[in-house]
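Student: Before anything else, here's the structure in question.
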Amino acid sequence: KAGVTQTPRYLIKTRGQQVTLSCSPISGHRSVSWYQQTPGQGLQFLFEYFSETQRNKGNFPGRFSGRQFSNSRSEMNVSTLELGDSALYLCASTIRKPTGELFFGEGSRLTVL
Amino acid sequence: QKEVEQNSGPLSVPEGAIASLNCTYSDRGSQSFFWYRQYSGKSPELIMSIYSNGDKEDGRFTAQLNKASQYVSLLIRDSQPSDSATYLCAVRPGANNLFFGTGTRLTVIP
């Protein structure tokens with residue numbers, strides 16, 4: 001059974017640019033969550049989607065957005081990139097809530113110069 | 001107050017010893033608790049989940065939950081160098097998203 005797939009794995013952008021990250025969940029999983037991981041802050045929750053609807057949103061500025069498609073694949077977008085956006089962006093899927101265990105993809109490592 | 005607190009470590013134990021990792025959480029209504037292992041440069045990997053008070057054992061790993069004290073722990077018996085990683089405690093308050101601690105870095109010394 002294939003795991004969570006994230007693309008691209010690595011990317012370098014400059015300040016002011018925008019970036020789109022993609023996530024394909026485990027087959028049959030309908031809930032997708034996004035997290036930002038930095039050395040200082042650890043894993044910070046960005047948002048969660050279920051059946052194409054955003055169910056929860058973390059405390060991030062509006063430059064961070066996301067969506068989910070009918071096949072459960074999800075994308076997140078960061079506009080007007082700042083140096084502080086450099087991080088590992090992790091996508092995780094779960095088959096159900098509220099007790100669902102999260103399974104993570106390998107992440108997309110973003111470097112903003 | 002952070003939702004999930006962990007001692008950042010580093011925690012060093014000799015090979016073959018028991019490693020004890022601890023975590024406290026703030027939301028008394030939390031029902032789901034997880035331990036993830038993250039190797040350097042890799043993504044978090046689920047190793048244990050626990051939902052009821054008491055102990056849950058899986059091989060060399062034992063998760064312990066005490067909801068009255070809002071405390072969850074992970075014991076690793078017969079620690080191996082391959083257990084060296086950062087261990088993340090995660091808690092789900094009700095139907096909300098999962099909150100993670102900042103992790104405890106464990107080093108097992110051969």
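How things are named: the first chain in the structure tokens is A, the next is B, and so on; residues count from 1 in each chain; ligands count from 1 in the order shown.
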Please determine the contact residues of chain B with respect to chain A at a cut-off of 9 Å, counting only C-alpha atoms, and supply them as a ChimeraX atom specification.

Tutor: /B:31-34,42-46,49,51,92-103

Student: The selected residues should be written to file as an mmCIF file, in the first residue's frame (atoms: C-alpha atoms).

Tutor:
data_model
loop_
_atom_site.group_PDB
_atom_site.id
_atom_site.type_symbol
_atom_site.label_atom_id
_atom_site.label_comp_id
_atom_site.auth_asym_id
_atom_site.auth_seq_id
_atom_site.Cartn_x
_atom_site.Cartn_y
_atom_site.Cartn_z
ATOM 1 C CA GLN B 31 -8.851 11.329 24.192
ATOM 2 C CA SER B 32 -6.173 10.228 21.735
ATOM 3 C CA PHE B 33 -2.456 10.067 22.376
ATOM 4 C CA PHE B 34 0.392 9.117 20.069
ATOM 5 C CA LYS B 42 13.147 12.101 7.942
ATOM 6 C CA SER B 43 9.449 12.526 8.589
ATOM 7 C CA PRO B 44 7.682 11.423 11.793
ATOM 8 C CA GLU B 45 6.770 7.751 11.984
ATOM 9 C CA LEU B 46 3.952 6.520 14.208
ATOM 10 C CA SER B 49 -1.136 5.044 20.014
ATOM 11 C CA TYR B 51 -6.539 5.847 24.209
ATOM 12 C CA ARG B 92 -5.694 15.107 20.010
ATOM 13 C CA PRO B 93 -8.180 17.138 22.110
ATOM 14 C CA GLY B 94 -11.592 15.857 21.087
ATOM 15 C CA ALA B 95 -12.126 16.047 17.357
ATOM 16 C CA ASN B 96 -9.525 18.725 16.832
ATOM 17 C CA ASN B 97 -6.245 18.523 15.058
ATOM 18 C CA LEU B 98 -3.236 16.781 16.550
ATOM 19 C CA PHE B 99 -0.970 18.884 18.753
ATOM 20 C CA PHE B 100 2.684 17.919 18.942
ATOM 21 C CA GLY B 101 5.304 18.467 21.579
ATOM 22 C CA THR B 102 8.671 19.768 20.470
ATOM 23 C CA GLY B 103 10.191 16.312 20.929
#

Student: Where does DSSP see strand (DSSP E or B) in chain B, if you list the residues as a ChimeraX atom specification?

Tutor: /B:4-6,11-14,19-25,30-38,45-50,54-58,61-66,71-76,85-93,99-100,104-109

Student: Compile the contact shell of A:Val78 as a PyMOL selection string: residues with an atom at most 10 Å away, counting only C-alpha atoms, same-chain residues fewer than 2 positions apart removed.

Tutor: chain A and resi 16-21+61-66+76+80-82+85

Student: Given the choices B:Val4, B:Ala90, B:Ile76, B:Leu106, which gets closest to B:Asp27 if the distance is worked out from only C-alpha atoms?

Tutor: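 So, comparing all the options, the nearest one is B:Val4.
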
Student: Need the shell around stretch 15-21 of chain B: protein/DNA/RNA residues with any atom at most 7 Å away, counting only C-alpha atoms. Skip same-chain ones fewer than 4 positions apart. Format as a short mmCIF file (atom, residue, chain, number, x, y, z; two decimals) with N, CA and C atoms, in the first residue's frame?

Tutor:
data_model
loop_
_atom_site.label_atom_id
_atom_site.label_comp_id
_atom_site.auth_asym_id
_atom_site.auth_seq_id
_atom_site.Cartn_x
_atom_site.Cartn_y
_atom_site.Cartn_z
N SER B 73 3.58 8.64 28.80
CA SER B 73 5.01 8.34 28.71
C SER B 73 5.25 7.19 27.73
N LEU B 74 6.49 7.07 27.34
CA LEU B 74 6.92 5.99 26.46
C LEU B 74 8.17 5.37 27.06
N LEU B 75 8.13 4.06 27.26
CA LEU B 75 9.30 3.32 27.72
C LEU B 75 9.83 2.48 26.58
N ILE B 76 11.14 2.53 26.40
CA ILE B 76 11.79 1.70 25.40
C ILE B 76 12.73 0.76 26.14
N ARG B 77 12.41 -0.52 26.12
CA ARG B 77 13.25 -1.51 26.80
C ARG B 77 14.35 -1.97 25.87
N ASP B 78 15.46 -2.44 26.49
CA ASP B 78 16.58 -2.96 25.70
C ASP B 78 16.92 -1.99 24.57
N SER B 79 17.17 -0.76 24.91
CA SER B 79 17.43 0.29 23.92
C SER B 79 18.58 -0.09 23.00
N GLN B 80 18.40 0.21 21.73
CA GLN B 80 19.39 -0.07 20.70
C GLN B 80 19.87 1.23 20.06
N PRO B 81 21.09 1.24 19.54
CA PRO B 81 21.55 2.46 18.84
C PRO B 81 20.59 2.92 17.76
N VAL B 108 21.20 6.59 22.11
CA VAL B 108 21.56 5.32 22.75
C VAL B 108 23.03 5.06 22.46
N ILE B 109 23.80 4.96 23.54
CA ILE B 109 25.26 4.86 23.42
C ILE B 109 25.66 3.39 23.38
N PRO B 110 26.35 2.98 22.31
CA PRO B 110 26.75 1.55 22.21
C PRO B 110 27.74 1.16 23.31
#

Student: Just the number, please: distance in Å from atom CA of B:Gly54 to atom CA of A:Ser31, one decimal.

Tutor: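 Taking atom CA of B:Gly54 and atom CA of A:Ser31, their separation equals 29.0 Å.
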
Student: I'd like the neighbourhood of A:Arg73 as a list of chain:residue names, where a residue qualifies if any of its atoms comes within 8 Å (using only C-alpha atoms), though same-chain residues fewer than 4 positions away should be ignored.

Tutor: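 What passes the distance filter is A:Ser22, A:Cys23, A:Ser24, A:Pro25, A:Gln68, A:Phe69.
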
Student: Go through A:Phe60, A:Tyr10, A:Gln54, A:Arg67 and flag the residue nearest A:Ala87, using only C-alpha atoms for the distances.

Tutor: A:Tyr10

Student: What does the distance from atom CA of B:Ser30 to atom CA of B:Gln64 come to in Å, to one decimal?

Tutor: 14.7 Å

Student: Can you work out which one of A:Arg30, A:Ser86, A:Ser108, A:Tyr49 has the shortest atom-to-atom distance to A:Ser72, counting only C-alpha atoms?

Tutor: A:Arg30
